[in-house]
file model.cif (mmCIF, C-alpha atoms (C1' of nucleotides))
data_structure
#
loop_
_atom_site.label_atom_id
_atom_site.label_comp_id
_atom_site.auth_asym_id
_atom_site.auth_seq_id
_atom_site.Cartn_x
_atom_site.Cartn_y
_atom_site.Cartn_z
CA MET A 1077 0.00 0.00 0.00
CA SER A 1078 0.87 3.59 -0.46
CA HIS A 1079 0.08 5.20 2.84
CA PRO A 1080 -2.13 4.26 5.75
CA GLY A 1081 -5.50 5.92 5.58
CA VAL A 1082 -4.82 8.40 2.81
CA GLU A 1083 -6.45 7.25 -0.37
CA ALA A 1084 -6.91 8.68 -3.82
CA THR A 1085 -9.79 11.07 -3.23
CA ASP A 1086 -8.21 12.56 -0.13
CA ARG A 1087 -4.96 13.01 -2.00
CA LYS A 1088 -6.75 14.86 -4.73
CA ILE A 1089 -8.45 17.12 -2.23
CA LEU A 1090 -5.11 17.79 -0.55
CA ALA A 1091 -3.51 18.67 -3.87
CA LEU A 1092 -6.33 21.01 -4.79
CA LEU A 1093 -6.26 22.77 -1.44
CA ALA A 1094 -2.48 23.04 -1.47
CA HIS A 1095 -2.82 24.87 -4.76
CA ASP A 1096 -5.77 27.01 -3.71
CA GLY A 1097 -6.52 27.07 -0.03
CA ARG A 1098 -9.68 29.09 -0.52
CA MET A 1099 -11.29 26.74 -2.99
CA SER A 1100 -14.94 26.19 -2.11
CA PHE A 1101 -16.37 22.83 -1.10
CA THR A 1102 -18.69 23.12 -4.05
CA ASP A 1103 -15.79 23.36 -6.48
CA LEU A 1104 -13.88 20.64 -4.68
CA GLY A 1105 -16.94 18.50 -5.14
CA LYS A 1106 -17.07 19.15 -8.87
CA ALA A 1107 -13.37 18.39 -9.20
CA THR A 1108 -13.62 15.12 -7.32
CA GLY A 1109 -17.05 13.93 -8.37
CA LEU A 1110 -18.44 14.12 -4.85
CA SER A 1111 -21.24 16.11 -3.32
CA THR A 1112 -20.53 19.30 -1.42
CA SER A 1113 -21.21 17.77 1.95
CA ALA A 1114 -19.14 14.69 1.23
CA VAL A 1115 -16.04 16.80 0.54
CA HIS A 1116 -16.94 18.96 3.49
CA GLN A 1117 -16.74 16.00 5.81
CA ARG A 1118 -13.56 14.74 4.23
CA VAL A 1119 -11.84 18.09 4.59
CA LYS A 1120 -12.89 18.38 8.24
CA ARG A 1121 -11.56 14.91 8.78
CA LEU A 1122 -8.27 15.78 7.09
CA GLU A 1123 -7.99 18.77 9.40
CA GLN A 1124 -8.71 16.69 12.48
CA ARG A 1125 -6.18 14.10 11.45
CA ASP A 1126 -3.69 16.93 11.04
CA LEU A 1127 -3.05 16.09 7.40
CA ILE A 1128 -4.09 19.65 6.73
CA GLN A 1129 -2.17 21.70 9.25
CA GLY A 1130 -3.59 25.07 8.36
CA TYR A 1131 -4.24 27.59 5.64
CA GLY A 1132 -2.15 30.60 4.78
CA ALA A 1133 -1.90 33.44 2.33
CA THR A 1134 1.28 33.73 0.31
CA ILE A 1135 2.65 37.20 0.84
CA ASN A 1136 4.89 39.13 -1.54
CA HIS A 1137 7.79 39.72 0.82
CA ALA A 1138 9.66 42.08 -1.47
CA GLU A 1139 6.69 44.41 -1.73
CA ILE A 1140 5.94 44.62 1.96
CA GLY A 1141 9.44 45.70 2.83
CA VAL A 1142 11.35 42.48 3.52
CA PRO A 1143 13.13 41.96 0.22
CA LEU A 1144 16.19 40.26 1.65
CA ALA A 1145 16.12 36.51 2.30
CA ALA A 1146 19.00 34.43 3.57
CA PHE A 1147 19.92 31.03 4.90
CA ILE A 1148 21.77 30.97 8.16
CA SER A 1149 23.57 27.70 8.84
CA ILE A 1150 24.62 27.38 12.44
CA ARG A 1151 26.82 25.21 14.58
CA PRO A 1152 27.16 25.22 18.35
CA ILE A 1153 30.28 26.83 19.77
CA ASP A 1154 30.25 24.60 22.80
CA PRO A 1155 29.26 21.03 21.85
CA SER A 1156 28.80 20.10 25.49
CA GLN A 1157 25.87 22.47 25.90
CA PRO A 1158 22.34 21.18 25.47
CA ASP A 1159 21.24 21.36 21.87
CA ASP A 1160 18.12 23.46 22.21
CA CYS A 1161 18.73 26.00 19.47
CA ALA A 1162 15.24 25.82 18.05
CA ALA A 1163 13.70 26.84 21.35
CA ARG A 1164 16.26 29.56 21.97
CA LEU A 1165 15.65 31.09 18.55
CA GLU A 1166 11.89 30.83 18.42
CA HIS A 1167 11.26 34.37 19.65
CA ILE A 1168 13.20 35.92 16.76
CA GLU A 1169 10.50 37.01 14.37
CA GLU A 1170 12.66 37.29 11.27
CA ILE A 1171 13.12 33.52 11.29
CA GLU A 1172 10.61 32.02 8.91
CA SER A 1173 11.76 28.42 9.06
CA CYS A 1174 14.02 26.37 11.31
CA TRP A 1175 15.34 22.92 10.50
CA SER A 1176 17.92 20.71 12.17
CA VAL A 1177 20.08 19.00 9.59
CA ALA A 1178 22.70 16.33 9.09
CA GLY A 1179 25.94 17.73 7.74
CA GLU A 1180 28.60 20.23 8.65
CA GLU A 1181 26.17 22.44 10.47
CA SER A 1182 23.45 21.47 12.93
CA TYR A 1183 20.67 23.85 11.96
CA VAL A 1184 19.54 25.83 8.98
CA LEU A 1185 17.36 28.91 9.30
CA LEU A 1186 15.54 30.77 6.57
CA VAL A 1187 15.25 34.42 7.52
CA ARG A 1188 13.81 37.56 5.98
CA CYS A 1189 14.70 41.14 6.68
CA THR A 1190 14.65 44.64 5.35
CA SER A 1191 18.28 45.31 4.52
CA PRO A 1192 21.87 44.12 4.86
CA ALA A 1193 22.18 46.20 8.00
CA ALA A 1194 19.13 44.48 9.47
CA LEU A 1195 20.64 41.12 8.55
CA GLU A 1196 23.84 41.99 10.37
CA ASP A 1197 21.83 42.87 13.45
CA LEU A 1198 19.81 39.69 13.12
CA LEU A 1199 22.97 37.57 12.92
CA ALA A 1200 24.24 39.10 16.12
CA ARG A 1201 20.98 38.26 17.85
CA VAL A 1202 21.05 34.69 16.56
CA ARG A 1203 24.61 34.17 17.77
CA ALA A 1204 23.86 35.66 21.15
CA ALA A 1205 20.60 33.79 21.70
CA ALA A 1206 21.92 30.35 20.83
CA ASN A 1207 25.65 30.65 21.43
CA VAL A 1208 26.52 29.50 17.93
CA SER A 1209 28.68 30.39 15.01
CA THR A 1210 26.95 31.12 11.73
CA ARG A 1211 27.45 30.86 8.00
CA THR A 1212 25.17 33.01 5.91
CA THR A 1213 24.02 32.39 2.37
CA ILE A 1214 22.15 35.26 0.79
CA VAL A 1215 19.28 34.56 -1.58
CA LEU A 1216 19.65 36.39 -4.88
CA THR A 1217 16.52 35.25 -6.68
CA THR A 1218 13.56 33.23 -5.52
CA TYR A 1219 12.46 31.27 -8.57
CA TYR A 1220 9.70 29.54 -6.66
CA GLU A 1221 8.87 28.66 -3.11
CA ASN A 1222 6.48 26.26 -1.45
CA ARG A 1223 5.36 24.63 -4.61
CA PRO A 1224 2.89 21.90 -3.69
CA VAL A 1225 4.68 18.57 -3.59
CA ALA A 1226 2.42 15.60 -4.17
CA GLY A 1227 2.71 12.42 -2.19
CA PRO A 1228 3.34 9.05 -3.87
CA ALA A 1229 0.76 7.95 -6.42
CA ALA A 1230 -2.25 6.47 -4.73
CA ASP A 1231 -2.53 2.79 -5.09
CA PRO A 1232 -5.46 0.82 -6.45
CA GLU A 1233 -6.45 -1.12 -3.39
CA ALA A 1234 -6.51 1.82 -0.97
CA MET B 1409 8.37 56.21 5.05
CA SER B 1410 7.99 52.51 5.56
CA HIS B 1411 6.81 51.18 2.24
CA PRO B 1412 5.03 52.70 -0.68
CA GLY B 1413 1.33 52.08 -0.63
CA VAL B 1414 1.14 49.56 2.19
CA GLU B 1415 -0.23 51.11 5.29
CA ALA B 1416 -1.18 49.90 8.72
CA THR B 1417 -4.60 48.43 8.03
CA ASP B 1418 -3.42 46.53 4.97
CA ARG B 1419 -0.48 45.18 6.94
CA LYS B 1420 -2.83 43.93 9.61
CA ILE B 1421 -5.01 42.22 7.02
CA LEU B 1422 -1.93 40.63 5.46
CA ALA B 1423 -0.76 39.36 8.82
CA LEU B 1424 -4.16 37.91 9.65
CA LEU B 1425 -4.47 36.18 6.29
CA ALA B 1426 -0.92 34.87 6.45
CA HIS B 1427 -1.86 33.20 9.71
CA ASP B 1428 -5.27 32.00 8.55
CA GLY B 1429 -5.87 32.15 4.83
CA ARG B 1430 -9.49 31.07 5.20
CA MET B 1431 -10.47 33.79 7.62
CA SER B 1432 -13.80 35.30 6.62
CA PHE B 1433 -14.24 38.91 5.55
CA THR B 1434 -16.66 39.28 8.41
CA ASP B 1435 -14.01 38.28 10.96
CA LEU B 1436 -11.34 40.34 9.24
CA GLY B 1437 -13.70 43.27 9.59
CA LYS B 1438 -14.14 42.68 13.32
CA ALA B 1439 -10.39 42.39 13.79
CA THR B 1440 -9.63 45.59 11.95
CA GLY B 1441 -12.63 47.69 12.89
CA LEU B 1442 -13.86 47.91 9.32
CA SER B 1443 -17.06 46.85 7.65
CA THR B 1444 -17.23 43.57 5.78
CA SER B 1445 -17.33 45.25 2.41
CA ALA B 1446 -14.44 47.55 3.23
CA VAL B 1447 -12.13 44.63 4.00
CA HIS B 1448 -13.47 42.84 0.98
CA GLN B 1449 -12.39 45.70 -1.24
CA ARG B 1450 -9.02 45.92 0.43
CA VAL B 1451 -8.31 42.22 0.07
CA LYS B 1452 -9.29 42.25 -3.60
CA ARG B 1453 -6.99 45.20 -4.07
CA LEU B 1454 -4.15 43.44 -2.28
CA GLU B 1455 -4.64 40.48 -4.60
CA GLN B 1456 -4.64 42.68 -7.69
CA ARG B 1457 -1.50 44.44 -6.56
CA ASP B 1458 0.07 41.00 -6.06
CA LEU B 1459 0.79 41.66 -2.42
CA ILE B 1460 -1.24 38.54 -1.80
CA GLN B 1461 0.12 36.02 -4.26
CA GLY B 1462 -2.23 33.19 -3.44
CA TYR B 1463 -3.66 30.96 -0.77
CA GLY B 1464 -2.55 27.49 0.14
CA ALA B 1465 -3.17 24.70 2.59
CA THR B 1466 -0.25 23.53 4.71
CA ILE B 1467 0.10 19.81 4.23
CA ASN B 1468 1.61 17.36 6.68
CA HIS B 1469 4.29 15.95 4.42
CA ALA B 1470 5.33 13.18 6.74
CA GLU B 1471 1.82 11.78 6.90
CA ILE B 1472 1.14 11.77 3.19
CA GLY B 1473 4.20 9.73 2.43
CA VAL B 1474 6.99 12.26 1.79
CA PRO B 1475 8.74 12.26 5.16
CA LEU B 1476 12.18 13.02 3.81
CA ALA B 1477 13.20 16.63 3.19
CA ALA B 1478 16.60 17.79 2.00
CA PHE B 1479 18.48 20.79 0.71
CA ILE B 1480 20.36 20.29 -2.51
CA SER B 1481 23.03 22.90 -3.11
CA ILE B 1482 24.21 22.90 -6.68
CA ARG B 1483 27.03 24.33 -8.75
CA PRO B 1484 27.44 24.20 -12.52
CA ILE B 1485 30.00 21.76 -13.86
CA ASP B 1486 30.71 23.90 -16.88
CA PRO B 1487 30.72 27.60 -15.93
CA SER B 1488 30.67 28.62 -19.58
CA GLN B 1489 27.19 27.18 -20.09
CA PRO B 1490 24.17 29.44 -19.76
CA ASP B 1491 22.99 29.61 -16.17
CA ASP B 1492 19.41 28.49 -16.60
CA CYS B 1493 19.17 25.88 -13.86
CA ALA B 1494 15.84 27.06 -12.54
CA ALA B 1495 14.17 26.53 -15.89
CA ARG B 1496 15.87 23.18 -16.46
CA LEU B 1497 14.76 21.90 -13.06
CA GLU B 1498 11.23 23.23 -13.02
CA HIS B 1499 9.65 20.03 -14.28
CA ILE B 1500 10.98 17.98 -11.37
CA GLU B 1501 8.03 17.71 -9.05
CA GLU B 1502 9.92 16.85 -5.90
CA ILE B 1503 11.44 20.32 -5.87
CA GLU B 1504 9.40 22.48 -3.56
CA SER B 1505 11.55 25.61 -3.67
CA CYS B 1506 14.35 26.92 -5.85
CA TRP B 1507 16.58 29.84 -4.99
CA SER B 1508 19.72 31.22 -6.56
CA VAL B 1509 22.20 32.24 -3.91
CA ALA B 1510 25.46 34.05 -3.32
CA GLY B 1511 28.13 31.77 -1.89
CA GLU B 1512 29.99 28.63 -2.72
CA GLU B 1513 27.07 27.21 -4.64
CA SER B 1514 24.83 28.89 -7.17
CA TYR B 1515 21.45 27.41 -6.30
CA VAL B 1516 19.73 25.85 -3.36
CA LEU B 1517 16.77 23.53 -3.75
CA LEU B 1518 14.42 22.28 -1.07
CA VAL B 1519 13.12 18.86 -2.05
CA ARG B 1520 10.80 16.28 -0.55
CA CYS B 1521 10.66 12.58 -1.25
CA THR B 1522 9.57 9.26 0.04
CA SER B 1523 12.82 7.56 0.99
CA PRO B 1524 16.60 7.67 0.75
CA ALA B 1525 16.38 5.59 -2.41
CA ALA B 1526 14.00 8.10 -3.95
CA LEU B 1527 16.38 10.89 -2.97
CA GLU B 1528 19.23 9.14 -4.70
CA ASP B 1529 17.15 8.85 -7.84
CA LEU B 1530 16.11 12.48 -7.56
CA LEU B 1531 19.73 13.60 -7.25
CA ALA B 1532 20.60 11.76 -10.43
CA ARG B 1533 17.77 13.51 -12.23
CA VAL B 1534 18.82 16.91 -10.94
CA ARG B 1535 22.40 16.39 -12.04
CA ALA B 1536 21.35 15.14 -15.45
CA ALA B 1537 18.81 17.88 -16.09
CA ALA B 1538 21.03 20.81 -15.16
CA ASN B 1539 24.55 19.44 -15.67
CA VAL B 1540 25.59 20.31 -12.14
CA SER B 1541 27.34 18.83 -9.16
CA THR B 1542 25.38 18.65 -5.93
CA ARG B 1543 25.84 18.77 -2.18
CA THR B 1544 22.97 17.37 -0.16
CA THR B 1545 21.95 18.30 3.36
CA ILE B 1546 19.28 16.10 4.87
CA VAL B 1547 16.69 17.61 7.17
CA LEU B 1548 16.41 15.77 10.48
CA THR B 1549 13.70 17.77 12.18
CA THR B 1550 11.47 20.54 10.94
CA TYR B 1551 10.89 22.76 13.97
CA TYR B 1552 8.80 25.18 12.00
CA GLU B 1553 8.34 26.25 8.42
CA ASN B 1554 6.79 29.23 6.71
CA ARG B 1555 6.09 31.12 9.86
CA PRO B 1556 4.52 34.43 8.85
CA VAL B 1557 7.19 37.12 8.82
CA ALA B 1558 5.85 40.60 9.34
CA GLY B 1559 7.12 43.57 7.40
CA PRO B 1560 8.61 46.62 9.10
CA ALA B 1561 6.36 48.42 11.55
CA ALA B 1562 4.03 50.74 9.74
CA ASP B 1563 4.94 54.32 10.21
CA PRO B 1564 2.68 57.09 11.44
CA GLU B 1565 2.55 59.23 8.35
CA ALA B 1566 1.71 56.46 5.89
"C1'" DC C 45 -12.41 55.05 0.78
"C1'" DC C 46 -16.02 53.91 3.83
"C1'" DT C 47 -20.89 52.20 5.22
"C1'" DG C 48 -25.24 49.62 5.00
"C1'" DA C 49 -28.74 46.95 2.75
"C1'" DA C 50 -30.14 43.55 -0.44
"C1'" DA C 51 -29.41 39.38 -3.36
"C1'" DC C 52 -26.88 35.64 -3.94
"C1'" DG C 53 -24.08 31.62 -3.04
"C1'" DA C 54 -21.63 28.73 0.05
"C1'" DG C 55 -21.09 26.46 4.79
"C1'" DA C 56 -22.94 23.49 8.13
"C1'" DT C 57 -26.15 20.05 9.97
"C1'" DG C 58 -29.45 16.19 10.42
"C1'" DG C 59 -31.86 12.41 8.53
"C1'" DA C 60 -32.37 8.93 4.90
"C1'" DT C 61 -30.31 5.60 1.46
"C1'" DA D 83 -19.66 6.79 3.75
"C1'" DT D 84 -22.47 9.48 0.58
"C1'" DC D 85 -26.40 12.24 -0.67
"C1'" DC D 86 -30.23 15.58 -0.26
"C1'" DA D 87 -32.85 19.18 1.92
"C1'" DT D 88 -32.66 22.82 4.98
"C1'" DC D 89 -31.19 26.67 7.63
"C1'" DT D 90 -27.65 29.72 8.61
"C1'" DC D 91 -23.97 32.65 7.63
"C1'" DG D 92 -20.60 34.67 4.59
"C1'" DT D 93 -19.75 36.86 0.13
"C1'" DT D 94 -20.50 40.13 -3.34
"C1'" DT D 95 -22.53 44.05 -5.43
"C1'" DC D 96 -24.43 48.50 -5.47
"C1'" DA D 97 -26.30 53.05 -4.04
"C1'" DG D 98 -25.01 56.67 -1.32
"C1'" DG D 99 -22.08 59.63 2.01
#
call {"tool": "encode", "arguments": {"input": "model.cif", "output": "structure tokens"}}
result
Amino acid sequence: MSHPGVEATDRKILALLAHDGRMSFTDLGKATGLSTSAVHQRVKRLEQRDLIQGYGATINHAEIGVPLAAFISIRPIDPSQPDDCAARLEHIEEIESCWSVAGEESYVLLVRCTSPAALEDLLARVRAAANVSTRTTIVLTTYYENRPVAGPAADPEA
Amino acid sequence: MSHPGVEATDRKILALLAHDGRMSFTDLGKATGLSTSAVHQRVKRLEQRDLIQGYGATINHAEIGVPLAAFISIRPIDPSQPDDCAARLEHIEEIESCWSVAGEESYVLLVRCTSPAALEDLLARVRAAANVSTRTTIVLTTYYENRPVAGPAADPEA
DNA sequence: CCTGAAACGAGATGGAT
DNA sequence: ATCCATCTCGTTTCAGG
């Protein structure tokens, strides 16, 4: 089997909502061949099961005054300290995403700010908050972001 | 000034929608102290101006069968070739985001797939499609992703 | 650019197949 | 689990300030 409890129709609904989070149940019904209330129930169920974690608007960062994006890769200065970087950095609002990774560094952050000067200030705050050294990679062009990625093809007997 | 043509009320609407893209105009009105139709107009305007670029559902990737996320940093093998990686990679569905960056590598991709074996296959396809060498950083834990990042504080005289 | 009312369409629920 | 009928509530448009 493909994946426990997620069959073809649900996958289709997920794909449609990933692409347009405001799509109406009526339209979802037309697209899936189900009635409005059938999709309604399925969507509510997907939300309850946490397969849909939320809905968001995609904002044009450049136009609202945060044109500068960067990756900050970090490694602890003192390896004997507890590795709780994510918690220590959570309050910093410029951090959009936080991942721990396998590789030369322990964490990668994606941050957004207004200017190089703001980035410099942000880096200082990151280093101070988590006691880490940083390596910064500035984003030049965002070709695309958060493109919906489909799961594996549904299988017949699901 | 803060930013041309984006004042306090619009910023608040953007923040609310970034956090909940399905919020109703009625509720947006209550939250901003405007009438339903006033927020309606403003949101439509924000969409037209491309400050709102779309709406999407946040999907639980682990649960739909793509538990493995990774960054692929790439550099061209032949620097004399045209630098059109983004276009050459666009058809690969596992790529969720594609940025060009300043630093040792030219591009960073965020990809999602089902398994290490699928990642290996994906890497081969990336290398073949764009004629590049790759460095892969596997994500261990996603602490958070796509947290709404606010723009600069609105200023008084906007 | 805002409000308020009026018409329309979609969301939500319960009962039946 | 889906469908249908129903009621409710949100959306959309428009006239007017």
call {"tool": "closest_atom_pairs", "arguments": {"input": "model.cif", "of": "chain C", "to": "chain B", "cutoff": "10 Å", "atoms": "all atoms listed in the file", "output": "Markdown table"}}
result
| residue | atom | partner | partner_atom | distance |
| --- | --- | --- | --- | --- |
| C:DC45 | C1' | B:Ala1446 | CA | 8.1 |
| C:DC46 | C1' | B:Ala1446 | CA | 6.6 |
| C:DT47 | C1' | B:Ser1443 | CA | 7.0 |
| C:DG48 | C1' | B:Ser1443 | CA | 9.0 |
call {"tool": "resolve_selection", "arguments": {"input": "model.cif", "expression": "the PyMOL selection byres ((chain B and resi 1478) around 12)", "output": "PyMOL selection string"}}
result
(chain A and resi 1175-1179+1184) or (chain B and resi 1474-1477+1479-1481+1502-1505+1516-1524+1526-1528+1530-1531+1542-1550)
call {"tool": "resolve_selection", "arguments": {"input": "model.cif", "expression": "the PyMOL selection byres ((chain D) within 9 of (chain B))", "output": "list in words"}}
result
DG92, DT93 and DT94 of chain D
call {"tool": "atom_distance", "arguments": {"input": "model.cif", "atom1": "atom CA of A:Ile1140", "atom2": "atom CA of B:Arg1430"}}
result
20.8 Å
call {"tool": "resolve_selection", "arguments": {"input": "model.cif", "expression": "the PyMOL selection byres ((chain C and resi 60) around 12)", "output": "JSON, numbers by chain"}}
result
{"C": [58, 59, 61], "D": [84, 85, 86, 87]}
call {"tool": "closest_residue", "arguments": {"input": "model.cif", "among": "B:Leu1459, B:Arg1535, B:Ala1525, B:Ile1500", "to": "A:Gly1141", "atoms": "only C-alpha atoms"}}
result
B:Leu1459
call {"tool": "residues_around", "arguments": {"input": "model.cif", "residues": "B:Asn1539", "least_positions_apart": "3", "cutoff": "7 Å", "atoms": "only C-alpha atoms (C1' of nucleotides)", "output": "PyMOL selection string"}}
result
chain B and resi 1484-1485+1535-1536
call {"tool": "atom_distance", "arguments": {"input": "model.cif", "atom1": "atom CA of A:Ala1162", "atom2": "atom CA of B:His1469"}}
result
20.1 Å
call {"tool": "atom_distance", "arguments": {"input": "model.cif", "atom1": "atom CA of A:Thr1108", "atom2": "atom CA of B:Lys1452"}}
result
27.7 Å
call {"tool": "axis_aligned_box", "arguments": {"input": "model.cif", "around": "stretch 85-96 of chain D", "padding_each_side": "8 Å", "output": "AutoDock Vina command-line options"}}
result
--center_x -26.3 --center_y 30.4 --center_z 1.6 --size_x 29.1 --size_y 52.3 --size_z 30.1
call {"tool": "residues_around", "arguments": {"input": "model.cif", "residues": "B:Pro1556", "least_positions_apart": "4", "cutoff": "10 Å", "atoms": "only C-alpha atoms (C1' of nucleotides)", "output": "MDAnalysis selection string"}}
result
(chainID A and resid 1132:1135 1169:1173) or (chainID B and resid 1422:1427)
call {"tool": "closest_residue", "arguments": {"input": "model.cif", "among": "B:Glu1498, B:Ile1482, B:Leu1436, B:Val1534", "to": "chain A", "atoms": "all atoms listed in the file"}}
result
B:Glu1498
call {"tool": "closest_residue", "arguments": {"input": "model.cif", "among": "B:Cys1506, B:Leu1454, B:Ala1439, B:Leu1497", "to": "chain A", "atoms": "all atoms listed in the file"}}
result
B:Cys1506
call {"tool": "residues_near_point", "arguments": {"input": "model.cif", "point": "(-23.8, 31.8, 6.6)", "cutoff": "8 Å", "atoms": "all atoms listed in the file", "output": "PDB file with C-alpha atoms (C1' of nucleotides), keeping the file's coordinate frame"}}
result
ATOM      1  C1'  DA C  54     -21.630  28.730   0.050  1.00  0.00           C
ATOM      2  C1'  DG C  55     -21.090  26.460   4.790  1.00  0.00           C
TER       3       DG C  55
ATOM      4  C1'  DT D  90     -27.650  29.720   8.610  1.00  0.00           C
ATOM      5  C1'  DC D  91     -23.970  32.650   7.630  1.00  0.00           C
ATOM      6  C1'  DG D  92     -20.600  34.670   4.590  1.00  0.00           C
TER       7       DG D  92
END
call {"tool": "closest_residue", "arguments": {"input": "model.cif", "among": "B:Arg1419, B:Arg1496, B:Arg1533, B:Arg1483", "to": "chain A", "atoms": "only C-alpha atoms"}}
result
B:Arg1419
call {"tool": "closest_residue", "arguments": {"input": "model.cif", "among": "B:Met1431, B:Ile1421, B:Val1557, B:Ala1416", "to": "chain A", "atoms": "all atoms listed in the file"}}
result
B:Val1557
call {"tool": "decode", "arguments": {"input": "model.cif", "residues": "chain C", "atoms": "N, CA, C and O atoms (P, O5', C5', C4', C3', O3' and C1' of nucleotides)", "output": "compact mmCIF listing (two decimals), in the first residue's frame"}}
result
# COMPACT_ATOMS: atom_id res chain seq x y z
P DC C 45 -8.43 54.17 -2.02
O5' DC C 45 -8.94 53.87 -0.56
C5' DC C 45 -8.86 54.91 0.43
C4' DC C 45 -10.16 54.95 1.17
C3' DC C 45 -10.69 53.55 1.48
O3' DC C 45 -10.67 53.36 2.88
C1' DC C 45 -12.41 55.05 0.78
P DC C 46 -11.19 51.98 3.52
O5' DC C 46 -12.66 52.34 4.05
C5' DC C 46 -12.77 53.25 5.13
C4' DC C 46 -14.21 53.67 5.25
C3' DC C 46 -15.15 52.53 5.60
O3' DC C 46 -15.40 52.54 7.01
C1' DC C 46 -16.02 53.91 3.83
P DT C 47 -16.30 51.34 7.60
O5' DT C 47 -17.78 51.70 7.15
C5' DT C 47 -18.43 52.83 7.70
C4' DT C 47 -19.84 52.91 7.14
C3' DT C 47 -20.74 51.76 7.56
O3' DT C 47 -21.83 52.28 8.29
C1' DT C 47 -20.89 52.20 5.22
P DG C 48 -22.75 51.31 9.18
O5' DG C 48 -23.92 50.95 8.16
C5' DG C 48 -24.56 52.00 7.42
C4' DG C 48 -25.61 51.37 6.52
C3' DG C 48 -26.23 50.08 7.08
O3' DG C 48 -27.61 50.08 6.74
C1' DG C 48 -25.24 49.62 5.00
P DA C 49 -28.59 48.90 7.28
O5' DA C 49 -29.30 48.43 5.92
C5' DA C 49 -29.69 49.41 4.95
C4' DA C 49 -29.98 48.71 3.63
C3' DA C 49 -30.78 47.42 3.77
O3' DA C 49 -31.62 47.28 2.64
C1' DA C 49 -28.74 46.95 2.75
P DA C 50 -32.78 46.17 2.59
O5' DA C 50 -32.92 45.85 1.02
C5' DA C 50 -32.00 46.43 0.09
C4' DA C 50 -31.54 45.36 -0.90
C3' DA C 50 -32.38 44.10 -0.88
O3' DA C 50 -32.51 43.62 -2.20
C1' DA C 50 -30.14 43.55 -0.44
P DA C 51 -33.38 42.34 -2.57
O5' DA C 51 -32.31 41.39 -3.30
C5' DA C 51 -31.55 41.90 -4.39
C4' DA C 51 -30.51 40.88 -4.78
C3' DA C 51 -31.09 39.48 -5.02
O3' DA C 51 -30.47 38.93 -6.19
C1' DA C 51 -29.41 39.38 -3.36
P DC C 52 -30.94 37.52 -6.70
O5' DC C 52 -29.62 36.65 -6.50
C5' DC C 52 -28.34 37.24 -6.81
C4' DC C 52 -27.27 36.49 -6.04
C3' DC C 52 -27.36 34.97 -6.20
O3' DC C 52 -26.25 34.54 -6.98
C1' DC C 52 -26.88 35.64 -3.94
P DG C 53 -26.16 33.04 -7.47
O5' DG C 53 -25.14 32.45 -6.41
C5' DG C 53 -23.87 33.07 -6.23
C4' DG C 53 -23.19 32.44 -5.04
C3' DG C 53 -23.15 30.90 -5.07
O3' DG C 53 -21.85 30.49 -4.72
C1' DG C 53 -24.08 31.62 -3.04
P DA C 54 -21.33 29.02 -4.86
O5' DA C 54 -20.58 28.73 -3.49
C5' DA C 54 -19.89 29.78 -2.81
C4' DA C 54 -19.93 29.51 -1.32
C3' DA C 54 -19.61 28.06 -0.94
O3' DA C 54 -18.67 28.08 0.12
C1' DA C 54 -21.63 28.73 0.05
P DG C 55 -18.19 26.74 0.79
O5' DG C 55 -18.89 26.85 2.22
C5' DG C 55 -18.46 27.87 3.12
C4' DG C 55 -19.09 27.68 4.48
C3' DG C 55 -18.76 26.37 5.19
O3' DG C 55 -18.67 26.65 6.58
C1' DG C 55 -21.09 26.46 4.79
P DA C 56 -18.13 25.58 7.61
O5' DA C 56 -19.47 24.94 8.16
C5' DA C 56 -20.34 25.75 8.96
C4' DA C 56 -21.58 24.96 9.30
C3' DA C 56 -21.31 23.54 9.84
O3' DA C 56 -22.02 23.41 11.05
C1' DA C 56 -22.94 23.49 8.13
P DT C 57 -21.72 22.12 12.03
O5' DT C 57 -23.16 21.47 12.20
C5' DT C 57 -24.32 22.30 11.98
C4' DT C 57 -25.54 21.45 11.73
C3' DT C 57 -25.45 20.00 12.21
O3' DT C 57 -26.62 19.67 12.92
C1' DT C 57 -26.15 20.05 9.97
P DG C 58 -26.66 18.39 13.88
O5' DG C 58 -28.01 17.70 13.39
C5' DG C 58 -29.12 18.51 12.93
C4' DG C 58 -30.09 17.63 12.17
C3' DG C 58 -30.20 16.19 12.66
O3' DG C 58 -31.56 15.75 12.53
C1' DG C 58 -29.45 16.19 10.42
P DG C 59 -31.94 14.29 13.07
O5' DG C 59 -32.63 13.61 11.80
C5' DG C 59 -33.35 14.43 10.85
C4' DG C 59 -33.57 13.63 9.58
C3' DG C 59 -33.81 12.14 9.80
O3' DG C 59 -34.70 11.65 8.80
C1' DG C 59 -31.86 12.41 8.53
P DA C 60 -35.20 10.16 8.89
O5' DA C 60 -34.87 9.61 7.43
C5' DA C 60 -35.24 10.38 6.27
C4' DA C 60 -34.53 9.77 5.06
C3' DA C 60 -34.64 8.25 5.00
O3' DA C 60 -34.98 7.83 3.70
C1' DA C 60 -32.37 8.93 4.90
P DT C 61 -35.17 6.30 3.35
O5' DT C 61 -33.97 5.98 2.36
C5' DT C 61 -33.57 6.96 1.38
C4' DT C 61 -32.33 6.45 0.65
C3' DT C 61 -32.31 4.95 0.41
O3' DT C 61 -31.96 4.69 -0.95
C1' DT C 61 -30.31 5.60 1.46
